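Chemist: structure.cif (mmCIF, C-alpha atoms) pasted underneath:
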```cif
data_coords
loop_
_atom_site.label_atom_id
_atom_site.label_comp_id
_atom_site.auth_asym_id
_atom_site.auth_seq_id
_atom_site.Cartn_x
_atom_site.Cartn_y
_atom_site.Cartn_z
CA MET A 1 0.00 0.00 0.00
CA ASN A 2 1.53 3.33 -0.95
CA ARG A 3 2.00 6.19 1.50
CA LYS A 4 -0.60 8.46 -0.06
CA LYS A 5 -3.31 5.83 0.11
CA LYS A 6 -2.46 5.04 3.71
CA LYS A 7 -2.67 8.72 4.65
CA ASP A 8 -5.99 8.99 2.90
CA GLU A 9 -7.36 6.06 4.87
CA GLU A 10 -6.12 7.62 8.11
CA LEU A 11 -7.90 10.83 7.20
CA ASP A 12 -11.11 8.90 6.51
CA ILE A 13 -10.95 7.28 9.96
CA LEU A 14 -10.35 10.66 11.56
CA LEU A 15 -13.26 12.20 9.68
CA GLU A 16 -15.58 9.33 10.61
CA LYS A 17 -14.90 10.05 14.28
CA ALA A 18 -15.11 13.81 13.88
CA PHE A 19 -18.39 13.75 11.92
CA GLY A 20 -19.81 11.25 14.42
CA GLU A 21 -19.09 13.68 17.21
CA TYR A 22 -20.48 16.53 15.19
CA VAL A 23 -23.79 14.71 14.67
CA LEU A 24 -24.12 14.18 18.43
CA SER A 25 -23.25 17.78 19.17
CA GLU A 26 -25.68 19.05 16.53
CA ASP A 27 -28.47 17.12 18.20
CA GLU A 28 -27.91 19.14 21.37
CA THR A 29 -28.55 22.40 19.52
CA PHE A 30 -32.13 21.38 18.64
CA PRO A 31 -35.05 22.26 20.89
CA SER A 32 -36.42 19.38 22.95
CA ASP A 33 -38.75 16.84 21.34
CA GLU A 34 -41.67 18.10 23.42
CA GLU A 35 -41.13 21.68 22.32
CA LEU A 36 -40.87 20.64 18.69
CA ARG A 37 -43.94 18.42 18.89
CA GLU A 38 -45.89 21.28 20.38
CA ALA A 39 -44.73 23.72 17.71
CA PHE A 40 -45.11 21.31 14.76
CA PRO A 41 -47.56 18.52 15.53
CA PRO A 42 -47.65 15.75 12.91
CA ASN A 43 -50.76 15.68 10.78
CA GLU A 44 -52.69 12.39 10.73
CA GLU A 45 -53.91 12.93 7.18
CA ASP A 46 -50.39 13.54 5.89
CA CYS A 47 -49.19 10.44 7.67
CA LEU A 48 -51.79 8.30 5.88
CA LYS A 49 -50.91 9.97 2.58
CA TYR A 50 -47.24 8.97 2.89
CA VAL A 51 -48.12 5.43 3.93
CA ARG A 52 -50.36 5.11 0.87
CA LEU A 53 -47.59 6.49 -1.35
CA MET A 54 -45.17 3.98 0.11
CA LYS A 55 -47.60 1.15 -0.56
CA LYS A 56 -48.07 2.25 -4.18
CA LYS A 57 -44.34 2.69 -4.80
CA LYS A 58 -43.56 -0.68 -3.28
CA ARG A 59 -46.11 -2.45 -5.46
CA VAL A 60 -44.91 -0.84 -8.67
CA SER A 61 -41.26 -1.55 -7.94
CA ALA A 62 -42.00 -5.13 -6.82
CA VAL A 63 -43.97 -5.87 -10.00
CA PHE A 64 -41.21 -4.31 -12.07
CA LYS A 65 -38.58 -6.41 -10.29
CA VAL A 66 -40.57 -9.62 -10.83
CA LEU A 67 -41.11 -8.81 -14.52
CA ARG A 68 -37.44 -8.01 -14.98
CA ARG A 69 -36.43 -11.32 -13.42
CA VAL A 70 -38.91 -13.24 -15.58
CA ALA A 71 -37.61 -11.49 -18.69
CA VAL A 72 -34.00 -12.36 -17.81
CA ILE A 73 -34.90 -16.01 -17.16
CA VAL A 74 -36.84 -16.26 -20.43
CA LEU A 75 -33.95 -14.70 -22.36
CA ILE A 76 -31.46 -17.11 -20.77
CA LEU A 77 -33.71 -20.08 -21.63
CA ILE A 78 -34.16 -18.92 -25.22
CA SER A 79 -30.42 -18.34 -25.64
CA ALA A 80 -29.52 -21.68 -24.08
CA SER A 81 -32.06 -23.66 -26.11
CA SER A 82 -31.06 -21.87 -29.33
CA ALA A 83 -27.40 -22.62 -28.64
CA ALA A 84 -28.20 -26.27 -27.92
CA LEU A 85 -30.26 -26.55 -31.10
CA MET A 86 -27.53 -24.96 -33.19
CA LEU A 87 -25.13 -27.68 -32.11
CA ASN A 88 -27.11 -30.04 -34.31
CA LYS A 89 -25.75 -30.08 -37.86
CA ASN A 90 -29.16 -30.44 -39.53
CA VAL A 91 -30.67 -27.59 -37.52
CA ARG A 92 -27.67 -25.41 -38.31
CA ALA A 93 -28.03 -26.19 -42.01
CA ALA A 94 -31.76 -25.47 -41.92
CA VAL A 95 -31.27 -22.13 -40.17
CA THR A 96 -28.45 -21.09 -42.49
CA GLY A 97 -30.50 -22.21 -45.48
CA THR A 98 -33.47 -20.11 -44.35
CA VAL A 99 -31.27 -17.07 -43.95
CA TYR A 100 -29.68 -17.64 -47.36
CA ARG A 101 -33.08 -18.07 -48.98
CA PHE A 102 -34.37 -14.92 -47.36
CA VAL A 103 -31.40 -12.96 -48.73
CA ASP A 104 -31.79 -14.77 -52.01
CA ASP A 105 -35.45 -13.84 -52.38
CA TYR A 106 -34.63 -10.26 -51.64
CA VAL A 107 -31.65 -9.86 -53.94
CA TRP A 108 -32.43 -12.11 -56.87
CA VAL A 109 -34.85 -11.30 -59.62
CA ARG A 110 -37.05 -14.19 -60.70
CA PHE A 111 -38.04 -14.35 -64.35
CA SER A 112 -41.17 -15.71 -65.88
CA PRO A 113 -40.34 -19.04 -67.55
CA GLY A 114 -42.55 -18.10 -70.49
CA SER A 115 -44.39 -20.58 -72.74
CA GLY A 116 -41.92 -20.93 -75.63
CA ASN A 117 -38.75 -22.95 -75.94
CA SER A 118 -35.53 -21.55 -74.54
CA VAL A 119 -31.91 -21.88 -75.70
CA PHE A 120 -31.29 -23.63 -72.41
CA ASP A 121 -33.87 -26.37 -73.08
CA GLY A 122 -32.44 -29.87 -72.71
CA LYS A 123 -29.15 -28.56 -71.29
CA THR A 124 -27.59 -29.27 -67.94
CA ILE A 125 -25.58 -26.66 -66.08
CA SER A 126 -22.35 -28.50 -66.96
CA ASP A 127 -23.19 -28.29 -70.70
CA LEU A 128 -23.27 -24.50 -70.69
CA SER A 129 -20.58 -22.54 -72.49
CA VAL A 130 -19.84 -18.96 -73.50
CA GLY A 131 -19.58 -18.37 -77.26
CA TYR A 132 -18.57 -14.69 -77.43
CA VAL A 133 -15.63 -13.03 -75.70
CA PRO A 134 -14.91 -9.34 -76.46
CA GLU A 135 -11.64 -8.63 -78.22
CA GLY A 136 -8.58 -8.49 -75.99
CA LEU A 137 -10.23 -10.44 -73.17
CA ILE A 138 -10.00 -14.09 -72.24
CA LEU A 139 -12.50 -16.54 -70.78
CA CYS A 140 -11.80 -18.33 -67.50
CA ASP A 141 -14.35 -21.08 -67.01
CA SER A 142 -15.00 -22.83 -63.69
CA ALA A 143 -15.48 -25.92 -65.92
CA ASP A 144 -17.45 -27.96 -63.38
CA ALA A 145 -20.71 -27.06 -61.73
CA GLU A 146 -20.65 -27.03 -57.94
CA TYR A 147 -23.45 -28.13 -55.69
CA ASP A 148 -24.50 -26.01 -52.75
CA GLU A 149 -25.71 -28.36 -50.01
CA THR A 150 -27.44 -25.73 -47.98
CA LEU A 151 -29.37 -24.17 -50.82
CA GLY A 152 -29.85 -27.40 -52.71
CA TYR A 153 -28.88 -26.25 -56.19
CA GLN A 154 -25.92 -26.27 -58.58
CA PHE A 155 -24.10 -23.17 -59.71
CA ARG A 156 -21.30 -22.28 -62.09
CA PHE A 157 -18.94 -19.35 -62.62
CA PHE A 158 -17.45 -17.90 -65.78
CA VAL A 159 -15.08 -14.96 -65.72
CA ILE A 160 -14.12 -12.90 -68.76
CA CYS A 161 -11.14 -10.68 -68.02
CA ASP A 162 -8.10 -8.81 -69.28
CA PRO A 163 -5.03 -11.06 -69.12
CA ALA A 164 -2.78 -8.27 -67.84
CA ASP A 165 -3.08 -5.51 -65.26
CA VAL A 166 -1.82 -2.11 -66.42
CA THR A 167 -0.25 -1.01 -63.14
CA ALA A 168 -0.77 -1.79 -59.46
CA PRO A 169 -4.05 -0.49 -57.91
CA GLY A 170 -3.78 2.96 -56.41
CA GLU A 171 -0.77 4.07 -58.41
CA PRO A 172 -1.02 6.99 -60.86
CA GLY A 173 -2.29 5.94 -64.22
CA TYR A 174 -4.01 2.84 -62.91
CA THR A 175 -7.10 1.79 -64.79
CA ARG A 176 -9.16 -1.11 -63.57
CA PRO A 177 -9.01 -3.77 -66.28
CA PRO A 178 -12.28 -4.75 -67.91
CA PHE A 179 -13.98 -7.91 -66.71
CA VAL A 180 -17.33 -9.68 -66.69
CA ILE A 181 -18.45 -12.18 -64.07
CA ILE A 182 -21.12 -14.67 -65.08
CA TYR A 183 -22.86 -16.63 -62.35
CA VAL A 184 -25.34 -19.24 -63.43
CA ARG A 185 -27.54 -20.98 -60.92
CA GLU A 186 -29.84 -23.91 -61.45
CA GLY A 187 -33.60 -23.35 -61.20
CA ASN A 188 -35.86 -20.34 -61.23
CA GLN A 189 -38.93 -19.50 -59.23
CA GLU A 190 -41.17 -16.78 -60.47
CA THR A 191 -41.75 -14.23 -57.72
CA GLY A 192 -41.57 -10.95 -59.62
CA TYR A 193 -38.98 -8.18 -59.53
CA SER A 194 -37.18 -6.92 -56.47
CA ASP A 195 -37.60 -3.29 -55.41
CA GLU A 196 -33.99 -2.58 -56.20
CA ALA A 197 -34.39 -3.85 -59.77
CA LEU A 198 -37.58 -1.88 -60.28
CA ALA A 199 -35.85 1.29 -59.20
CA ILE A 200 -32.92 1.25 -61.59
CA SER A 201 -33.49 -1.36 -64.26
CA LYS A 202 -34.35 -1.26 -67.93
CA GLU A 203 -36.15 -4.23 -69.44
CA THR A 204 -34.66 -6.09 -72.37
CA THR A 205 -34.48 -9.65 -73.76
CA VAL A 206 -31.73 -12.23 -74.21
CA ASN A 207 -32.56 -14.77 -76.90
CA GLY A 208 -36.23 -14.12 -76.23
CA MET A 209 -35.86 -14.50 -72.46
CA ALA A 210 -36.95 -11.60 -70.23
CA ALA A 211 -33.92 -9.71 -68.90
CA LEU A 212 -33.09 -6.69 -66.78
CA MET A 213 -30.10 -4.48 -67.36
CA PHE A 214 -28.96 -1.60 -65.23
CA ASP A 215 -25.96 0.67 -65.01
CA PHE A 216 -24.70 1.83 -61.67
CA PHE A 217 -21.66 3.36 -59.99
CA PHE A 218 -19.68 1.94 -57.12
CA GLU A 219 -16.74 3.26 -55.19
CA SER A 220 -13.50 1.41 -54.52
CA GLU A 221 -10.27 2.82 -53.08
CA GLY A 222 -11.65 6.33 -53.47
CA GLU A 223 -12.37 5.91 -57.18
CA GLN A 224 -15.81 5.70 -58.79
CA TYR A 225 -16.38 2.95 -61.32
CA GLU A 226 -19.21 2.43 -63.72
CA SER A 227 -20.64 -1.05 -63.78
CA THR A 228 -23.35 -2.81 -65.78
CA ARG A 229 -25.49 -5.62 -64.49
CA LEU A 230 -27.60 -8.01 -66.52
CA GLU A 231 -29.99 -10.58 -65.09
CA PHE A 232 -32.09 -13.03 -67.01
CA GLY A 233 -33.32 -16.59 -66.87
CA ASP A 234 -35.77 -19.25 -67.92
CA LYS A 235 -37.32 -22.21 -66.13
CA ASN A 236 -33.95 -24.03 -65.98
CA PHE A 237 -31.40 -21.39 -64.98
CA THR A 238 -31.01 -17.92 -63.59
CA VAL A 239 -28.06 -15.91 -64.88
CA TYR A 240 -26.43 -12.99 -63.16
CA MET A 241 -23.74 -11.01 -65.01
CA GLN A 242 -21.76 -8.03 -63.86
CA GLY A 243 -19.32 -6.18 -66.05
CA MET A 244 -16.94 -3.32 -65.54
CA ASN A 245 -15.31 -1.23 -68.25
CA VAL A 246 -17.19 -3.41 -70.72
CA SER A 247 -20.01 -1.90 -72.79
CA GLY A 248 -23.65 -2.89 -72.31
CA GLU A 249 -23.76 -4.12 -75.92
CA ASP A 250 -20.83 -6.47 -75.28
CA ILE A 251 -22.44 -7.78 -72.09
CA LEU A 252 -25.65 -8.44 -74.01
CA LYS A 253 -23.68 -10.22 -76.78
CA ILE A 254 -21.92 -12.42 -74.19
CA ALA A 255 -25.33 -13.24 -72.64
CA GLU A 256 -26.78 -14.21 -76.03
CA SER A 257 -23.80 -16.47 -76.71
CA LEU A 258 -24.41 -18.43 -73.50
CA GLY A 259 -26.00 -21.74 -74.25
CA MET B 1 -48.70 -16.73 -4.34
CA ILE B 2 -45.33 -16.78 -2.54
CA ALA B 3 -44.38 -13.63 -4.41
CA PHE B 4 -47.59 -12.01 -3.21
CA PHE B 5 -46.87 -12.83 0.43
CA THR B 6 -43.27 -11.64 0.15
CA LEU B 7 -44.51 -8.45 -1.45
CA THR B 8 -47.07 -7.84 1.28
CA ALA B 9 -44.63 -8.63 4.08
CA GLY B 10 -41.99 -6.28 2.71
CA ASP B 11 -44.61 -3.67 2.09
CA ARG B 12 -45.79 -3.81 5.70
CA SER B 13 -42.35 -3.22 7.26
CA ASP B 14 -41.57 -0.33 4.92
CA LYS B 15 -44.99 1.16 5.60
CA GLU B 16 -44.34 0.94 9.30
CA LEU B 17 -40.96 2.62 8.89
CA ILE B 18 -42.47 5.49 6.88
CA GLU B 19 -45.21 5.90 9.47
CA TYR B 20 -42.61 5.87 12.25
CA ILE B 21 -40.40 8.42 10.48
CA TYR B 22 -43.29 10.77 9.89
CA ARG B 23 -44.76 10.53 13.38
CA GLN B 24 -41.40 10.68 15.15
CA TYR B 25 -39.37 13.07 13.02
CA TYR B 26 -41.86 15.36 11.30
CA PRO B 27 -41.42 18.05 14.01
CA ILE B 28 -37.61 18.13 13.75
CA MET B 29 -37.71 17.98 9.94
CA ARG B 30 -40.18 20.86 9.91
CA TYR B 31 -37.96 22.80 12.34
CA VAL B 32 -34.78 22.22 10.33
CA ALA B 33 -36.48 23.10 7.04
CA GLY B 34 -38.00 26.23 8.60
CA ARG B 35 -34.60 27.32 9.90
CA ALA B 36 -33.01 26.90 6.46
CA LEU B 37 -35.85 28.81 4.83
CA CYS B 38 -35.80 31.58 7.46
CA ARG B 39 -39.13 30.59 9.01
CA ASP B 40 -41.01 30.52 5.72
CA SER B 41 -43.82 28.34 7.00
CA GLN B 42 -45.34 27.28 3.67
CA GLY B 43 -41.91 26.70 2.10
CA ALA B 44 -40.87 24.57 5.08
CA GLU B 45 -44.03 22.44 4.78
CA ASP B 46 -43.31 21.89 1.10
CA ALA B 47 -39.67 21.05 1.84
CA VAL B 48 -40.74 18.41 4.40
CA HIS B 49 -43.11 16.97 1.82
CA ASP B 50 -40.23 16.76 -0.70
CA ALA B 51 -38.09 15.14 1.97
CA MET B 52 -40.74 12.52 2.75
CA LEU B 53 -40.98 11.67 -0.96
CA LYS B 54 -37.20 11.25 -1.10
CA ILE B 55 -37.27 9.05 1.98
CA ILE B 56 -40.06 6.92 0.47
CA LYS B 57 -38.08 6.60 -2.75
CA ASN B 58 -34.94 5.49 -0.90
CA VAL B 59 -36.55 3.53 1.91
CA GLY B 60 -34.61 0.43 0.85
CA ILE B 61 -31.26 1.93 1.87
CA ILE B 62 -32.37 3.49 5.13
CA ASP B 63 -31.04 1.83 8.27
CA ALA B 64 -33.58 2.23 11.04
CA SER B 65 -31.63 0.35 13.71
CA ASP B 66 -29.88 3.45 15.11
CA LYS B 67 -32.52 6.04 15.95
CA LYS B 68 -30.01 8.88 16.37
CA LYS B 69 -28.64 8.28 12.91
CA LEU B 70 -32.14 7.99 11.51
CA LYS B 71 -33.06 11.34 13.04
CA ASN B 72 -29.89 12.88 11.62
CA LEU B 73 -30.66 11.44 8.20
CA CYS B 74 -34.17 12.91 8.24
CA CYS B 75 -32.74 16.30 9.23
CA ILE B 76 -30.20 16.20 6.40
CA VAL B 77 -32.78 15.25 3.78
CA ALA B 78 -35.22 17.91 5.02
CA ARG B 79 -32.51 20.58 5.15
CA ASN B 80 -31.35 19.76 1.62
CA CYS B 81 -34.88 19.89 0.29
CA ALA B 82 -35.30 23.29 1.94
CA LEU B 83 -32.02 24.52 0.47
CA ASP B 84 -33.13 23.23 -2.94
CA ARG B 85 -36.28 25.30 -2.65
CA LEU B 86 -34.22 28.28 -1.58
CA ARG B 87 -31.93 27.90 -4.59
CA LYS B 88 -34.88 27.62 -6.96
CA ARG B 89 -36.40 30.70 -5.40
CA ASP B 90 -33.10 32.56 -5.87
CA GLU B 91 -32.97 31.48 -9.49
CA ARG B 92 -36.31 33.16 -10.03
CA SER B 93 -34.61 36.47 -9.05
CA VAL B 94 -36.14 36.99 -5.66
CA PRO B 95 -35.11 40.32 -4.12
CA LEU B 96 -32.09 40.05 -1.84
CA SER B 97 -34.14 41.08 1.15
CA GLU B 98 -35.96 37.76 0.96
CA VAL B 99 -32.83 35.64 1.04
CA PRO B 100 -32.41 34.42 4.63
CA GLU B 101 -29.32 35.52 6.45
CA ASP B 102 -28.90 32.22 8.23
CA ALA B 103 -28.95 30.09 5.09
CA SER B 104 -25.63 28.42 5.66
CA SER B 105 -25.28 27.33 2.05
CA ALA B 106 -24.60 30.92 1.16
CA GLU B 107 -21.91 31.15 3.78
CA PRO B 108 -18.49 30.70 2.20
CA PHE B 109 -15.89 28.59 3.93
CA THR B 110 -13.09 30.73 5.26
CA GLU B 111 -10.07 29.90 7.30
CA GLN B 112 -10.96 32.65 9.76
CA SER B 113 -14.10 30.79 10.70
CA VAL B 114 -12.10 27.91 12.17
CA VAL B 115 -9.83 29.99 14.35
CA GLY B 116 -9.75 28.19 17.62
CA GLY B 117 -8.55 25.02 16.04
CA ASP B 118 -11.30 22.66 17.06
CA ILE B 119 -12.27 19.95 14.54
CA LEU B 120 -15.92 20.33 15.40
CA ASP B 121 -15.72 24.05 14.72
CA ALA B 122 -14.10 23.25 11.41
CA ILE B 123 -16.94 20.90 10.54
CA LYS B 124 -19.53 23.44 11.67
CA SER B 125 -17.95 26.06 9.47
CA LEU B 126 -18.18 23.87 6.39
CA PRO B 127 -20.94 24.89 3.98
CA GLU B 128 -23.96 22.68 4.68
CA LEU B 129 -23.88 21.31 1.14
CA TYR B 130 -20.48 19.74 1.80
CA ARG B 131 -21.14 18.89 5.43
CA ASP B 132 -24.35 16.97 4.78
CA ALA B 133 -22.79 14.95 1.98
CA CYS B 134 -19.82 14.14 4.24
CA VAL B 135 -22.07 13.17 7.16
CA LEU B 136 -24.00 10.76 4.93
CA LYS B 137 -20.72 9.20 3.84
CA TYR B 138 -18.75 9.16 7.08
CA VAL B 139 -21.48 8.71 9.67
CA HIS B 140 -24.13 6.75 7.78
CA GLY B 141 -21.66 4.85 5.60
CA TYR B 142 -23.50 5.53 2.34
CA LYS B 143 -21.73 5.15 -0.97
CA GLU B 144 -21.52 8.17 -3.25
CA LYS B 145 -24.33 6.89 -5.43
CA GLU B 146 -26.60 6.51 -2.41
CA VAL B 147 -25.65 9.95 -1.11
CA ALA B 148 -26.62 11.33 -4.52
CA GLU B 149 -29.98 9.57 -4.40
CA LEU B 150 -30.78 10.75 -0.90
CA LEU B 151 -29.89 14.35 -1.70
CA GLY B 152 -31.47 14.23 -5.16
CA LEU B 153 -28.20 15.06 -6.91
CA PRO B 154 -26.24 13.67 -9.81
CA GLU B 155 -23.63 11.18 -8.57
CA ARG B 156 -20.82 13.39 -9.81
CA THR B 157 -22.07 16.36 -7.80
CA ALA B 158 -22.33 14.25 -4.66
CA SER B 159 -18.75 12.99 -5.18
CA THR B 160 -17.53 16.55 -5.67
CA ARG B 161 -19.22 17.75 -2.50
CA ILE B 162 -17.73 14.93 -0.44
CA HIS B 163 -14.30 15.48 -1.95
CA ARG B 164 -14.35 19.24 -1.42
CA GLY B 165 -15.58 18.85 2.16
CA LYS B 166 -12.80 16.38 2.81
CA MET B 167 -10.14 18.59 1.25
CA LEU B 168 -11.23 21.66 3.23
CA LEU B 169 -11.14 19.69 6.46
CA ARG B 170 -7.78 18.15 5.62
CA GLU B 171 -6.24 21.59 5.39
CA VAL B 172 -7.65 22.53 8.77
CA LEU B 173 -6.55 19.26 10.34
CA ARG B 174 -3.04 19.74 8.95
CA LYS B 175 -2.79 23.19 10.46
CA GLU B 176 -4.02 21.92 13.78
CA GLY B 177 -1.58 19.05 13.70
CA TYR B 178 -4.19 16.25 13.62
CA HIS B 179 -3.10 15.07 10.22
CA GLU B 180 0.18 15.24 8.30
#
```
Taking this structure as input, can you express it in the form of structure tokens?
Modeler:
Amino acid sequence: MNRKKKKDEELDILLEKAFGEYVLSEDETFPSDEELREAFPPNEEDCLKYVRLMKKKKRVSAVFKVLRRVAVIVLILISASSAALMLNKNVRAAVTGTVYRFVDDYVWVRFSPGSGNSVFDGKTISDLSVGYVPEGLILCDSADAEYDETLGYQFRFFVICDPADVTAPGEPGYTRPPFVIIYVREGNQETGYSDEALAISKETTVNGMAALMFDFFFESEGEQYESTRLEFGDKNFTVYMQGMNVSGEDILKIAESLG
Amino acid sequence: MIAFFTLTAGDRSDKELIEYIYRQYYPIMRYVAGRALCRDSQGAEDAVHDAMLKIIKNVGIIDASDKKKLKNLCCIVARNCALDRLRKRDERSVPLSEVPEDASSAEPFTEQSVVGGDILDAIKSLPELYRDACVLKYVHGYKEKEVAELLGLPERTASTRIHRGKMLLREVLRKEGYHE
């Protein structure tokens, strides 16, 4: 214990004694109880009023305390049971799947399958290929479709990109190389357009299939980039494409060459 | 059902304590409040009412085992409620003639007032704001948060009052040779 703290404690002890004595001495300066009672007699009505107030306050605070305890217990039980349930692999998968689907329904645009034949008819996701690649760019194909266990469908990636970067990002003269990402997922459920798509999209078609295209800006490392998004699909697949520094016409041509 | 009985039992003892405090200490609370408010009868009544509400609010932390301390506590709460009323009245620009001369809160602490060297004199010469906060801490053993609740102050203000009271007394005690 350092010296300062010890001195402080000594002072506290001294003050305890001194204030104790002061309280006793102060009491002696008051008139006697009889004199005070005669001068200021307690009022019976006021007394009852304070007792009633006490009763009311006690009830409210007791009810509040009970409710607070119940709420804490319920929260603990919910947390504990949720944690126990989440230990189960199937439950975890179901919960994750629900969350994914919720996000999916919000973000993805579902297209009407239509009545006519589609270029995708009779094809599996592994059969798909890209026929058109803009000049100067190359196609990187994921080759095999992957299966998402949680969501229960297959998906496939294609990337069309510039084979060489100009300079490192952030350095003077850097230009982000052009690229297009193509994500194809199996299946399509018609649920209409999302709010986001309605707000900024323009309707078009890809080989007769309903499509939405929209241009938007996004910021990266302090720079603004223009990007184009194209979404379309039929009863078999839903296709999501996003291109940067690639014209809308080229993106549409790439989409039409998919089959 | 058990909760109901517990509630009623607790309620009864607190009710009894409030009844006891009012019947036993109303006269002294009324006297103390009246003295602080320079015998303003209506103001003193209101101050006692405020004090009773504060006591009801903090009944859970009141120790009724020592009657002398309980009486002192009631006096402190009543006096502080009276001083609160006085301050509010001052804020509304009451003419100086109406400000009581014996309102100790207005009395600044000076070293001259403790000439004589007695610790009790030093405590008596402390402004009541500091003295009451210190009494609640050192005599009643309340924590700063509880002192704040009993006096109806923010916790920080209560801490400041206790600290300032302590520092002022330390200086006096040093001079008198009670403390290094």
Chemist: Residues of chain B within 7 Å of chain A: nearest atom pair and distance (Å, one decimal) for each, counting all atoms listed in the file, sorted by chain and number, as CSV?
Modeler:
```
residue,atom,partner,partner_atom,distance
B:Leu7,CA,A:Ala62,CA,6.8
B:Asp11,CA,A:Lys58,CA,6.2
B:Lys15,CA,A:Val51,CA,5.6
B:Ile18,CA,A:Val51,CA,6.4
B:Glu19,CA,A:Val51,CA,6.3
B:Tyr22,CA,A:Cys47,CA,6.3
B:Arg23,CA,A:Pro42,CA,6.0
B:Tyr26,CA,A:Pro42,CA,6.0
B:Pro27,CA,A:Phe40,CA,5.0
B:Ile28,CA,A:Leu36,CA,6.4
B:Arg30,CA,A:Phe40,CA,6.9
B:Ile56,CA,A:Met54,CA,5.9
B:Ile119,CA,A:Ala18,CA,6.8
B:Leu120,CA,A:Tyr22,CA,5.9
B:Val135,CA,A:Phe19,CA,6.0
B:Tyr138,CA,A:Glu16,CA,4.7
B:Val139,CA,A:Gly20,CA,5.6
```
Chemist: Using only C-alpha atoms, which residues sit within 10 Å of A:Ser118 once same-chain residues fewer than 6 positions away are excluded, as a PyMOL selection string?
Modeler: chain A and resi 207-209+233-236+259
Chemist: Do a neighbour search on B:Lys166 at 9 Å with all atoms listed in the file, toss out local chain neighbours closer than 3 positions, and write the hits as an MDAnalysis selection string.
Modeler: (chainID A and resid 11:12 15) or (chainID B and resid 130 134 161:163 169:171)
Chemist: Let me make sure I understand: among A:Leu85, A:Val74, A:Leu212, A:Met241, which one has the smallest atom-to-atom distance to A:Val159 if we use all atoms listed in the file?
Modeler: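 Closest candidate: A:Met241.
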Chemist: Just give me the gap between atom CA of A:Pro178 and atom CA of A:Asn245 in Å, one decimal is fine.
Modeler: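 Atom-to-atom, atom CA of A:Pro178 and atom CA of A:Asn245 are spaced 4.7 Å apart.
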Chemist: Return as JSON the centre and edge lengths, in Å with one decimal, of the box along x, y and z that encloses every atom of stretch 69-83 of chain A in the file, padded by 6 Å per side.
Modeler:
```
{"center_x": -33.2, "center_y": -17.5, "center_z": -21.4, "size_x": 23.5, "size_y": 24.3, "size_z": 27.9}
```
Chemist: Check what the PyMOL selection byres ((chain B and resi 148-153) around 7) selects in the file above and give those residues as a list in words.
Modeler: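 This file gives the following for the PyMOL selection byres ((chain B and resi 148-153) around 7): Lys54, Asn58, Val77, Asn80, Glu144, Lys145, Glu146, Val147, Pro154, Glu155, Thr157 and Ala158 of chain B.
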Chemist: Rounded to one decimal in Å, what is the spacing between atom CA of A:Leu230 and atom CA of A:Thr96?
Modeler: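 Atom-to-atom, atom CA of A:Leu230 to atom CA of A:Thr96, that is 27.4 Å.
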Chemist: I need the residue nearest B:Ala33 from this list: B:Leu173, B:Leu86, B:Leu168, B:Ile61. Use all atoms listed in the file for the distance.
Modeler: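 Among the listed residues, B:Leu86 lies closest to B:Ala33.
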Chemist: Hey, what's within 12 Å of A:Asp148 if we count all atoms listed in the file and toss same-chain stuff fewer than 2 positions away? As JSON, numbers by chain, please?
Modeler: {"A": [93, 97, 100, 145, 146, 150, 151, 152, 153, 154, 155, 156, 185, 186]}
Chemist: On this structure, the PyMOL selection byres ((chain A and resi 129-138) around 9) would catch which residues? List them as a list in words, sorted by chain and number.
Modeler: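 Checking the PyMOL selection byres ((chain A and resi 129-138) around 9) against this file, the residues are Ser126, Asp127, Leu128, Leu139, Cys140, Asp141, Ala143, Phe158, Val159, Ile160, Cys161, Asp162, Pro163, Pro178, Phe179, Val246, Asp250, Ile251, Lys253, Ile254, Ala255, Glu256, Ser257, Leu258 and Gly259 of chain A.
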Chemist: So what do you get for atom CA of A:Ile182 versus atom CA of A:Thr98, distance-wise?
Modeler: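 Here the two named atoms are 24.7 Å from each other.
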Chemist: Excluding A:Val184 and its own-chain neighbours fewer than 5 positions away, which residues fall within 8 Å of it when counting all atoms listed in the file? Please give them as a list of chain:residue names.
Modeler: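 Residues meeting the cut-off are A:Ile125, A:Phe155, A:Arg156, A:Phe157, A:Phe237, A:Thr238, A:Val239, A:Tyr240.
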